[in-house]
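Below: model15.cif (mmCIF, C-alpha atoms and all ligand atoms)
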```
data_entry
#
loop_
_atom_site.label_atom_id
_atom_site.label_comp_id
_atom_site.auth_asym_id
_atom_site.auth_seq_id
_atom_site.Cartn_x
_atom_site.Cartn_y
_atom_site.Cartn_z
CA MET D 80 54.97 -50.20 -21.28
CA ASN D 81 52.19 -47.62 -20.77
CA ARG D 82 50.83 -46.90 -17.35
CA GLU D 83 47.50 -45.25 -16.67
CA PRO D 84 46.67 -45.90 -13.01
CA ARG D 85 42.88 -46.14 -12.70
CA THR D 86 41.85 -44.93 -9.30
CA ASP D 87 38.35 -45.06 -7.89
CA ALA D 88 36.87 -42.36 -5.62
CA SER D 89 38.95 -43.44 -2.61
CA GLY D 90 42.23 -43.40 -4.55
CA GLU D 91 42.46 -47.18 -4.78
CA LEU D 92 43.64 -49.04 -7.85
CA ARG D 93 40.88 -51.49 -8.59
CA ALA D 94 39.68 -53.93 -11.27
CA ALA D 95 37.78 -57.19 -11.62
CA SER D 96 38.14 -60.01 -14.17
CA GLN D 97 36.72 -63.38 -15.07
CA ALA D 98 38.59 -66.36 -16.50
CA GLN D 99 37.51 -69.94 -17.12
CA PRO D 100 39.40 -73.17 -16.47
CA ASN D 101 40.86 -75.05 -19.39
CA ILE D 102 41.33 -78.77 -19.76
CA ALA D 103 44.43 -80.13 -21.41
CA LEU D 104 44.01 -82.60 -24.25
CA ILE D 105 47.80 -82.95 -24.55
CA LYS D 106 48.93 -82.70 -20.95
CA TYR D 107 51.45 -80.53 -19.12
CA TRP D 108 53.23 -82.48 -16.37
CA GLY D 109 56.77 -81.59 -15.22
CA LYS D 110 58.89 -78.44 -14.87
CA ARG D 111 62.29 -77.68 -16.35
CA ASP D 112 62.66 -74.60 -14.12
CA ALA D 113 60.62 -74.52 -10.92
CA ALA D 114 61.38 -70.86 -10.10
CA LEU D 115 60.22 -69.55 -13.48
CA ASN D 116 57.64 -72.35 -13.78
CA LEU D 117 58.86 -73.49 -17.18
CA PRO D 118 57.42 -76.79 -18.44
CA VAL D 119 59.36 -79.83 -19.65
CA VAL D 120 56.78 -80.24 -22.43
CA GLY D 121 54.43 -78.12 -24.52
CA SER D 122 50.69 -78.72 -24.06
CA LEU D 123 47.35 -78.09 -25.73
CA SER D 124 43.94 -77.37 -24.20
CA ILE D 125 40.35 -76.22 -24.56
CA THR D 126 39.00 -73.33 -22.49
CA LEU D 127 35.58 -73.97 -20.93
CA GLU D 128 32.59 -71.64 -20.88
CA SER D 129 30.29 -72.25 -17.90
CA LEU D 130 32.83 -72.83 -15.13
CA TRP D 131 34.49 -69.62 -13.97
CA THR D 132 36.63 -67.68 -11.52
CA ARG D 133 35.70 -64.07 -10.77
CA THR D 134 38.32 -61.99 -9.01
CA GLU D 135 38.48 -58.42 -7.78
CA VAL D 136 41.81 -56.80 -6.87
CA ARG D 137 42.25 -53.48 -5.05
CA PHE D 138 45.72 -52.11 -4.34
CA VAL D 139 45.56 -49.91 -1.25
CA PRO D 140 48.28 -47.26 -0.75
CA GLY D 141 49.79 -47.63 2.71
CA GLN D 142 48.55 -51.21 3.19
CA LYS D 143 51.48 -53.51 4.01
CA GLN D 144 50.05 -56.98 3.42
CA ASP D 145 47.70 -58.65 1.00
CA ARG D 146 44.34 -59.72 2.35
CA VAL D 147 42.64 -62.50 0.44
CA SER D 148 39.19 -64.02 0.45
CA LEU D 149 38.90 -67.14 -1.73
CA ASN D 150 35.36 -68.54 -1.86
CA GLY D 151 34.58 -66.43 1.22
CA ARG D 152 37.45 -67.89 3.30
CA SER D 153 41.04 -67.00 4.00
CA ASP D 154 43.88 -69.55 3.97
CA GLU D 155 47.56 -68.85 4.63
CA ALA D 156 49.03 -71.07 1.89
CA GLU D 157 46.58 -69.76 -0.72
CA THR D 158 47.32 -66.17 0.31
CA ARG D 159 51.10 -66.75 0.03
CA ARG D 160 50.69 -68.09 -3.52
CA ILE D 161 48.53 -65.08 -4.48
CA THR D 162 51.05 -62.68 -2.91
CA LYS D 163 53.85 -64.23 -5.01
CA CYS D 164 51.76 -63.62 -8.11
CA LEU D 165 50.89 -60.02 -7.14
CA ASP D 166 54.59 -59.38 -6.43
CA LEU D 167 55.34 -59.99 -10.13
CA LEU D 168 52.75 -57.36 -11.08
CA ARG D 169 53.90 -54.88 -8.40
CA ALA D 170 57.50 -55.21 -9.64
CA ARG D 171 56.35 -54.42 -13.21
CA ALA D 172 54.38 -51.39 -12.04
CA GLY D 173 56.95 -50.16 -9.51
CA VAL D 174 54.47 -50.02 -6.60
CA ASP D 175 54.45 -51.77 -3.23
CA HIS D 176 50.85 -51.36 -2.08
CA GLY D 177 49.20 -54.31 -0.38
CA ALA D 178 46.04 -55.61 -2.04
CA GLU D 179 42.56 -56.70 -1.08
CA VAL D 180 41.67 -59.72 -3.21
CA ALA D 181 38.23 -61.32 -3.39
CA SER D 182 37.83 -64.35 -5.62
CA ARG D 183 35.17 -66.97 -6.23
CA ASN D 184 35.15 -70.20 -8.21
CA ASN D 185 31.72 -71.57 -9.21
CA PHE D 186 33.13 -75.13 -9.16
CA PRO D 187 35.18 -77.24 -6.67
CA THR D 188 38.61 -75.75 -5.84
CA ALA D 189 41.85 -77.79 -5.94
CA ALA D 190 39.93 -80.87 -7.09
CA GLY D 191 41.25 -81.47 -10.60
CA LEU D 192 39.03 -78.94 -12.39
CA ALA D 193 41.86 -76.46 -13.08
CA SER D 194 40.99 -73.85 -10.45
CA SER D 195 44.65 -72.78 -10.48
CA ALA D 196 44.32 -72.08 -14.22
CA SER D 197 41.23 -69.86 -14.07
CA GLY D 198 42.28 -68.49 -10.67
CA PHE D 199 45.65 -67.13 -11.71
CA ALA D 200 44.53 -66.05 -15.20
CA ALA D 201 41.79 -63.94 -13.55
CA LEU D 202 44.20 -62.61 -10.91
CA VAL D 203 46.85 -61.50 -13.45
CA HIS D 204 44.20 -59.99 -15.74
CA ALA D 205 42.53 -58.01 -12.91
CA GLY D 206 45.77 -57.13 -11.10
CA ALA D 207 47.46 -55.78 -14.23
CA ARG D 208 44.47 -53.58 -15.05
CA ALA D 209 44.17 -52.34 -11.48
CA LEU D 210 47.79 -51.18 -11.67
CA GLY D 211 47.29 -49.58 -15.09
CA LEU D 212 49.76 -51.94 -16.75
CA THR D 213 49.14 -52.28 -20.46
CA LEU D 214 50.21 -55.84 -21.20
CA SER D 215 49.66 -57.87 -24.36
CA LEU D 216 47.76 -61.14 -23.97
CA GLU D 217 51.03 -63.02 -24.44
CA GLU D 218 52.70 -60.99 -21.67
CA GLN D 219 49.72 -61.76 -19.41
CA SER D 220 50.02 -65.43 -20.35
CA VAL D 221 53.72 -65.46 -19.38
CA LEU D 222 52.93 -63.84 -16.01
CA ALA D 223 50.01 -66.22 -15.37
CA ARG D 224 52.30 -69.15 -16.24
CA ARG D 225 54.71 -68.15 -13.49
CA CYS D 226 51.87 -68.46 -10.96
CA SER D 227 50.42 -71.74 -12.30
CA GLY D 228 51.50 -73.33 -15.58
CA SER D 229 48.02 -74.15 -16.81
CA ALA D 230 46.94 -70.51 -16.16
CA ALA D 231 49.02 -69.46 -19.18
CA ARG D 232 46.39 -71.16 -21.36
CA SER D 233 43.28 -69.68 -19.64
CA ILE D 234 44.22 -66.17 -20.78
CA PHE D 235 42.96 -67.34 -24.19
CA GLY D 236 39.69 -68.93 -25.33
CA GLY D 237 38.93 -71.91 -27.56
CA TYR D 238 41.76 -74.25 -28.55
CA VAL D 239 45.07 -73.10 -27.09
CA GLU D 240 48.67 -74.28 -27.26
CA TRP D 241 51.26 -73.44 -24.58
CA ALA D 242 54.76 -73.52 -26.04
CA HIS D 243 57.63 -75.26 -24.27
CA GLY D 244 59.84 -72.29 -25.25
CA LYS D 245 63.58 -72.14 -25.85
CA LEU D 246 64.78 -69.07 -23.94
CA VAL D 247 66.27 -69.51 -20.46
CA ASP D 248 64.30 -66.53 -19.12
CA GLY D 249 61.05 -68.20 -20.25
CA THR D 250 59.67 -65.16 -22.06
CA ASP D 251 58.81 -67.34 -25.07
CA SER D 252 57.00 -69.99 -23.00
CA THR D 253 53.60 -68.44 -23.59
CA ALA D 254 50.25 -69.78 -24.67
CA ARG D 255 48.74 -68.85 -28.05
CA PRO D 256 45.30 -69.41 -29.56
CA LEU D 257 45.15 -72.21 -32.13
CA LEU D 258 41.48 -72.16 -33.15
CA ASP D 259 38.43 -70.16 -32.02
CA ALA D 260 35.79 -71.90 -29.90
CA ALA D 261 33.12 -71.04 -32.49
CA ALA D 262 35.10 -72.65 -35.31
CA TRP D 263 34.64 -76.12 -33.78
CA PRO D 264 32.12 -75.88 -30.92
CA LEU D 265 32.62 -79.20 -29.11
CA ARG D 266 30.87 -79.72 -25.77
CA VAL D 267 32.15 -81.11 -22.48
CA ALA D 268 30.30 -83.12 -19.82
CA VAL D 269 32.14 -83.02 -16.49
CA ALA D 270 31.43 -85.93 -14.15
CA ILE D 271 32.04 -84.80 -10.56
CA THR D 272 32.98 -87.82 -8.45
CA SER D 273 34.26 -85.94 -5.36
CA THR D 274 34.31 -82.29 -4.33
CA ALA D 275 37.19 -82.71 -1.83
CA ALA D 276 40.52 -80.97 -2.41
CA LYS D 277 43.17 -83.41 -3.67
CA GLN D 278 45.76 -84.67 -1.18
CA ILE D 279 48.75 -83.90 -3.40
CA GLY D 280 48.45 -80.67 -5.40
CA SER D 281 49.64 -80.54 -9.02
CA THR D 282 52.83 -78.59 -8.19
CA GLU D 283 54.00 -81.13 -5.62
CA GLY D 284 52.80 -84.06 -7.74
CA MET D 285 54.87 -83.12 -10.75
CA LEU D 286 57.99 -82.48 -8.66
CA ARG D 287 57.68 -85.93 -7.09
CA THR D 288 57.13 -87.46 -10.54
CA ALA D 289 60.29 -85.85 -11.97
CA GLU D 290 62.34 -87.08 -9.02
CA THR D 291 61.10 -90.67 -8.91
CA SER D 292 59.17 -91.84 -11.98
CA PRO D 293 61.25 -94.02 -14.35
CA TYR D 294 59.04 -92.92 -17.26
CA GLN D 295 59.94 -89.21 -17.17
CA SER D 296 62.30 -89.27 -20.16
CA ALA D 297 59.88 -91.32 -22.33
CA TRP D 298 57.18 -88.78 -21.48
CA ILE D 299 59.36 -85.88 -22.63
CA ASP D 300 60.62 -87.69 -25.76
CA THR D 301 57.14 -88.50 -27.10
CA GLN D 302 55.35 -85.19 -26.41
CA GLU D 303 56.28 -83.29 -29.60
CA ALA D 304 54.77 -86.04 -31.78
CA ASP D 305 51.54 -85.98 -29.73
CA LEU D 306 51.29 -82.20 -30.03
CA SER D 307 51.73 -82.36 -33.76
CA VAL D 308 48.98 -85.00 -34.18
CA ALA D 309 46.58 -83.02 -31.95
CA ARG D 310 47.29 -79.72 -33.71
CA SER D 311 46.53 -81.28 -37.12
CA ALA D 312 43.37 -82.99 -35.80
CA ILE D 313 42.07 -79.67 -34.42
CA LEU D 314 42.82 -77.70 -37.56
CA ALA D 315 41.13 -80.43 -39.68
CA HIS D 316 38.17 -80.81 -37.19
CA ASP D 317 39.01 -84.53 -37.17
CA PHE D 318 37.15 -85.81 -34.08
CA ASP D 319 38.37 -89.42 -34.20
CA ALA D 320 42.01 -88.39 -34.46
CA LEU D 321 41.61 -85.91 -31.57
CA ALA D 322 39.80 -88.57 -29.48
CA SER D 323 42.56 -91.09 -29.91
CA ILE D 324 45.53 -88.75 -29.23
CA SER D 325 43.79 -87.10 -26.25
CA GLU D 326 42.98 -90.36 -24.43
CA TYR D 327 46.53 -91.51 -25.17
CA SER D 328 48.08 -88.35 -23.65
CA CYS D 329 45.80 -88.53 -20.60
CA LEU D 330 46.53 -92.17 -19.84
CA LYS D 331 50.26 -91.66 -20.51
CA MET D 332 50.40 -88.75 -18.04
CA HIS D 333 48.65 -90.82 -15.39
CA ALA D 334 50.93 -93.82 -16.08
CA LEU D 335 53.90 -91.51 -15.54
CA ALA D 336 52.47 -90.20 -12.26
CA LEU D 337 51.30 -93.65 -11.08
CA ALA D 338 54.92 -94.81 -11.42
CA ALA D 339 56.21 -92.09 -9.06
CA GLN D 340 57.18 -93.13 -5.55
CA PRO D 341 54.88 -93.09 -3.65
CA GLY D 342 52.58 -93.44 -6.67
CA LEU D 343 50.15 -90.64 -7.49
CA LEU D 344 46.67 -92.10 -7.83
CA TYR D 345 44.31 -89.24 -8.67
CA TRP D 346 41.36 -91.48 -9.70
CA ASN D 347 38.64 -93.12 -7.67
CA GLY D 348 36.49 -96.07 -8.73
CA ALA D 349 33.87 -93.86 -10.37
CA THR D 350 36.54 -92.15 -12.50
CA VAL D 351 37.57 -95.52 -13.95
CA GLU D 352 33.97 -96.64 -14.47
CA CYS D 353 33.30 -93.37 -16.36
CA MET D 354 36.27 -94.11 -18.65
CA HIS D 355 34.73 -97.49 -19.52
CA ARG D 356 31.34 -95.88 -20.17
CA VAL D 357 32.84 -93.31 -22.52
CA ARG D 358 34.72 -95.98 -24.45
CA ALA D 359 31.58 -98.14 -24.69
CA LEU D 360 29.67 -95.16 -26.10
CA ARG D 361 32.40 -94.51 -28.65
CA GLN D 362 32.31 -98.16 -29.73
CA GLN D 363 28.58 -97.68 -30.40
CA GLY D 364 29.47 -94.79 -32.72
CA VAL D 365 28.91 -91.86 -30.32
CA PRO D 366 31.54 -89.12 -30.93
CA VAL D 367 32.95 -88.78 -27.40
CA PHE D 368 36.30 -89.19 -25.63
CA PHE D 369 37.52 -88.71 -22.07
CA THR D 370 40.28 -86.82 -20.35
CA VAL D 371 41.18 -86.64 -16.63
CA ASP D 372 43.50 -84.15 -14.91
CA ALA D 373 45.15 -84.36 -11.48
CA GLY D 374 41.94 -85.24 -9.65
CA PRO D 375 39.04 -87.70 -9.80
CA GLN D 376 36.72 -85.80 -12.19
CA LEU D 377 36.18 -87.13 -15.70
CA LYS D 378 35.69 -84.76 -18.62
CA ALA D 379 33.89 -86.23 -21.62
CA VAL D 380 34.45 -84.17 -24.77
CA CYS D 381 31.80 -84.74 -27.43
CA ALA D 382 30.05 -83.47 -30.54
CA PRO D 383 27.12 -81.14 -29.67
CA SER D 384 24.61 -83.72 -30.93
CA ALA D 385 25.86 -86.29 -28.38
CA ILE D 386 25.81 -84.19 -25.22
CA GLU D 387 22.46 -85.39 -23.77
CA GLN D 388 23.32 -89.05 -24.32
CA VAL D 389 26.78 -88.58 -22.77
CA LYS D 390 25.38 -86.78 -19.73
CA ALA D 391 22.76 -89.49 -19.19
CA ALA D 392 25.38 -92.24 -19.43
CA LEU D 393 27.69 -90.53 -16.89
CA ARG D 394 24.83 -89.74 -14.49
CA ASP D 395 24.07 -93.44 -14.44
CA VAL D 396 27.54 -94.38 -13.11
CA PRO D 397 27.51 -95.20 -9.36
CA GLY D 398 29.62 -92.64 -7.49
CA VAL D 399 28.98 -89.78 -9.92
CA LEU D 400 27.63 -86.92 -7.78
CA ASP D 401 26.78 -84.48 -10.54
CA VAL D 402 27.36 -83.93 -14.25
CA LEU D 403 28.12 -80.38 -15.43
CA ASP D 404 27.67 -79.42 -19.05
CA THR D 405 29.67 -76.71 -20.81
CA GLY D 406 30.66 -75.46 -24.21
CA LEU D 407 34.01 -73.93 -25.12
CA GLY D 408 34.54 -70.37 -23.95
CA GLU D 409 36.53 -67.19 -24.32
CA GLY D 410 39.70 -66.00 -22.60
CA ALA D 411 40.15 -63.77 -19.54
CA ARG D 412 38.14 -60.54 -19.61
CA ALA D 413 37.11 -57.51 -17.56
CA ILE D 414 33.89 -57.62 -15.53
CA ALA D 415 32.11 -55.08 -13.34
CA THR D 416 33.69 -54.93 -9.88
CA ASP D 417 30.37 -55.39 -8.04
CA ILE D 418 29.84 -58.79 -9.72
CA VAL D 419 32.43 -60.65 -7.62
CA GLU D 420 30.72 -60.52 -4.23
CA ALA D 421 27.23 -60.76 -5.75
P1 LIG J 1 43.39 -77.56 -9.58
O1 LIG J 1 43.25 -78.96 -10.11
O2 LIG J 1 42.09 -77.05 -9.03
O3 LIG J 1 44.04 -76.61 -10.54
P2 LIG J 1 45.90 -77.22 -8.12
O4 LIG J 1 46.53 -78.12 -7.10
O5 LIG J 1 46.62 -77.08 -9.40
O6 LIG J 1 44.39 -77.74 -8.33
O7 LIG J 1 45.74 -75.76 -7.55
C1 LIG J 1 44.87 -75.46 -6.50
C2 LIG J 1 45.33 -74.17 -5.87
O8 LIG J 1 45.15 -73.07 -6.79
C3 LIG J 1 44.53 -73.77 -4.65
O9 LIG J 1 44.95 -74.48 -3.51
C4 LIG J 1 44.83 -72.28 -4.58
O10 LIG J 1 46.12 -72.07 -4.02
C5 LIG J 1 44.90 -71.89 -6.06
N1 LIG J 1 43.60 -71.30 -6.48
C6 LIG J 1 42.44 -71.95 -6.75
N2 LIG J 1 41.46 -71.09 -7.07
C7 LIG J 1 42.01 -69.85 -7.01
C8 LIG J 1 41.50 -68.51 -7.24
N3 LIG J 1 40.24 -68.30 -7.63
N4 LIG J 1 42.36 -67.48 -7.08
C9 LIG J 1 43.66 -67.69 -6.73
N5 LIG J 1 44.18 -68.91 -6.49
C10 LIG J 1 43.38 -69.98 -6.63
C1 LIG J 2 47.16 -82.44 -14.90
O1 LIG J 2 49.10 -75.89 -13.85
O2 LIG J 2 48.00 -76.90 -11.82
O3 LIG J 2 46.03 -80.37 -15.15
O4 LIG J 2 52.13 -75.16 -12.74
O5 LIG J 2 52.39 -76.34 -10.58
O6 LIG J 2 50.48 -74.75 -10.89
P1 LIG J 2 51.41 -75.73 -11.55
O7 LIG J 2 50.50 -76.95 -12.03
P2 LIG J 2 49.11 -76.93 -12.80
O8 LIG J 2 49.17 -78.38 -13.48
C2 LIG J 2 48.15 -78.85 -14.33
C3 LIG J 2 48.38 -80.30 -14.63
C4 LIG J 2 47.26 -80.99 -15.38
C5 LIG J 2 47.55 -81.04 -16.87
C6 LIG J 2 47.37 -79.75 -17.64
O9 LIG J 2 46.58 -78.89 -17.25
O10 LIG J 2 48.04 -79.62 -18.69
CO CO J 3 45.99 -76.66 -11.32
#
```

Please express the file's structure as structure tokens.
Ligand code: ADP
Ligand code: DP6
Ligand code: CO
Amino acid sequence: MNREPRTDASGELRAASQAQPNIALIKYWGKRDAALNLPVVGSLSITLESLWTRTEVRFVPGQKQDRVSLNGRSDEAETRRITKCLDLLRARAGVDHGAEVASRNNFPTAAGLASSASGFAALVHAGARALGLTLSLEEQSVLARRCSGSAARSIFGGYVEWAHGKLVDGTDSTARPLLDAAAWPLRVAVAITSTAAKQIGSTEGMLRTAETSPYQSAWIDTQEADLSVARSAILAHDFDALASISEYSCLKMHALALAAQPGLLYWNGATVECMHRVRALRQQGVPVFFTVDAGPQLKAVCAPSAIEQVKAALRDVPGVLDVLDTGLGEGARAIATDIVEA
């Protein structure tokens, strides 16, 4: 590993990065090793373009603790999780400086829009550069995975697969790009039905599911087949096949979580009504399908020609507060440091 510490005028190690959230078409839910954050199943996602996290990290010699501002506020639990992630980078670089972290999401945080994915992909990307660590994208993906599983996938753009991996140390449980965004430029309409943070975060939700849901083993046993169908559909640009396997994986993940005790109900009424609208559109021949993560927002994935019709249909659903519109985007990348607080 090469190290070239990049210091600014005051001797601080500083860098800023942007990453975008990704949405899983074949879902990740469940851990086989909580400490290393290894998944019980592989998963497959698309990285978005217009939603983003921007993060600046400065390591300050002599500073003992990390100081974090997330969306202009500081929260103890969020800071602890960021410190755990920075500790992995500090161990790799052999430094123990505390850091100043400033991060912003331009979309609701902890609400089922994958803020942990873009958040930790951006943090690992910026933190590694600030420390002068030269890491491959796969090494960054493995580190991001340890902080939040879905973050492994946001290191890359376009269509991305995160491997289950075989090794006990988890070094092969990395994400890899499957197809460029430009090769099949689908669009996504995101129906926001609540901006509140979810009551049960994804980490806690999947632990509870593994402990109590009777469907856990069926979930694990059927995932490889789903991944294989989705992979082929993506490589063949077969929209109908991707629509059918993606809705299946989404509803199967929610069925698994609904059957936990107490049951995990991430939807509200508007989420369900949006699902019906999307299916009605598809029955009329519109190329669109839905997916929903651990939160009440519905993502409608569609052909570019259908985006205006899909947005109009979702806007019309009572309880939908806003409809965002995005294409597929690139992976984590460097940005100017003055952009974060702008
Ligand atoms: P989501 O559906 O938004 O991914 P999660 O429950 O998986 O929800 O994770 C939310 C948590 O991710 C937040 O409570 C916070 O700890 C962390 N997080 C969100 N945004 C950022 C960010 N920009 N930088 C670092 N951590 C973040
Ligand atoms: C429903 O990656 O947020 O969005 O690894 O505990 O941080 P942790 O969980 P997280 O879980 C995401 C779950 C999901 C499905 C997915 O993104 O694959
Ligand atoms: Co998350």

>> How would you report the residues lying within 12 Å of ligand CO 3 (chain J), as a PyMOL selection string, if you count all atoms listed in the file?
In response: chain D and resi 100-103+106-108+187-200+223-224+226-233+276-277+279-285+372-374

Do you have, as a Markdown table, the list of residues of stretch 103-217 of chain D lying at most 9 Å from stretch 237-255 of chain D, each with its nearest atom pair and that distance in Å to one decimal, counting only C-alpha atoms and ordered by chain then number?
```
| residue | atom | partner | partner_atom | distance |
| --- | --- | --- | --- | --- |
| D:Tyr107 | CA | D:Trp241 | CA | 9.0 |
| D:Asp112 | CA | D:Val247 | CA | 8.9 |
| D:Leu115 | CA | D:Gly249 | CA | 7.0 |
| D:Asn116 | CA | D:Gly249 | CA | 8.4 |
| D:Leu117 | CA | D:Gly249 | CA | 6.5 |
| D:Pro118 | CA | D:His243 | CA | 6.0 |
| D:Val119 | CA | D:His243 | CA | 6.7 |
| D:Val120 | CA | D:His243 | CA | 5.4 |
| D:Gly121 | CA | D:His243 | CA | 4.3 |
| D:Ser122 | CA | D:Trp241 | CA | 5.3 |
| D:Leu123 | CA | D:Glu240 | CA | 4.3 |
| D:Ser124 | CA | D:Val239 | CA | 5.3 |
| D:Ile125 | CA | D:Tyr238 | CA | 4.7 |
| D:Thr126 | CA | D:Gly237 | CA | 5.3 |
| D:Leu127 | CA | D:Gly237 | CA | 7.7 |
| D:Leu216 | CA | D:Arg255 | CA | 8.8 |
| D:Glu217 | CA | D:Thr253 | CA | 6.1 |
```

Quick one: axis-aligned box around all listed atoms of ligand LIG 2 (chain J), 8 Å on every side, centre and edge lengths in Å to one decimal, written as JSON.
```
{"center_x": 49.2, "center_y": -78.6, "center_z": -14.6, "size_x": 22.4, "size_y": 23.7, "size_z": 24.1}
```

> With only C-alpha atoms as the basis for distance, which of D:Thr416, D:Thr272, D:Ser311, D:Gln302 is at the shortest distance from D:Pro397?
Replying inline: D:Thr272

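We find atom CA of D:Ala209 and atom CA of D:Gly173 to be spaced 13.1 Å apart.
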
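The two atoms in question, atom O10 of ligand LIG 2 (chain J) and atom CA of D:Arg356, are spaced 23.4 Å apart.
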
>> Set the distance at 9 Å and use all atoms listed in the file: which residues neighbour D:Leu286 once local chain neighbours fewer than 5 positions away are removed? I'd like the list as number ranges by chain.
In response: D: 109-110, 113, 281, 291

>> Which residue is closest to D:Gln142? Choose from D:Val367, D:Ala170, D:Ala178, D:Met332 and count all atoms listed in the file.
In response: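 The closest residue to D:Gln142 is D:Ala178.
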
> If you count only C-alpha atoms, which residues fall within 9 Å of D:Phe186, apart from same-chain ones fewer than 3 positions away, as a PyMOL selection string?
Replying inline: chain D and resi 130-132+183+192+194+274

> Could you list as number ranges by chain every residue that has an atom within 10 Å of (34.1, -94.0, -17.5), using the file's coordinates and counting only C-alpha atoms?
Replying inline: D: 270, 348-360, 368-370, 377-379, 392-393, 396

> Looking at only C-alpha atoms and all ligand atoms, which of D:Val174, D:Leu306, D:Val371, D:Val221 is the one that sits closest to ligand LIG 1 (chain J)?
Replying inline: D:Val371

> What's the 9 Å shell around D:Arg169, counting all atoms listed in the file, without same-chain residues fewer than 6 positions away, as a ChimeraX atom specification?
Replying inline: /D:175-176,206-207,210

> Which polymer residues have any atom within 12 Å of an atom of D:Ala315, counting all atoms listed in the file, with same-chain residues fewer than 4 positions away left out, as a PyMOL selection string?
Replying inline: chain D and resi 257-258+262-263+308-311+319-321

> Taking (34.7, -82.7, -22.8) in the file's coordinates as the center, which residues reach within 6 Å of it, counting all atoms listed in the file, put as a ChimeraX atom specification?
Replying inline: /D:266-268,378-381

> If you measure from atom CA of D:Pro366 to atom CA of D:Ala382, what distance in Å do you get, rounded to one decimal?
Replying inline: 5.9 Å

> Given the choices D:Val147, D:Ala339, D:Ala260, D:Leu167, which gets closest to D:Phe235 if the distance is worked out from all atoms listed in the file?
Replying inline: D:Ala260

> Of the candidates D:Ala98, D:Leu403, D:Leu335, D:Ile234, which one gets nearest to D:Ile299 if we count only C-alpha atoms?
Replying inline: D:Leu335

>> I'd like to know which of D:Val139, D:Ala114, D:Leu104, D:Leu407 is closest to D:Pro264, using all atoms listed in the file.
In response: D:Leu407
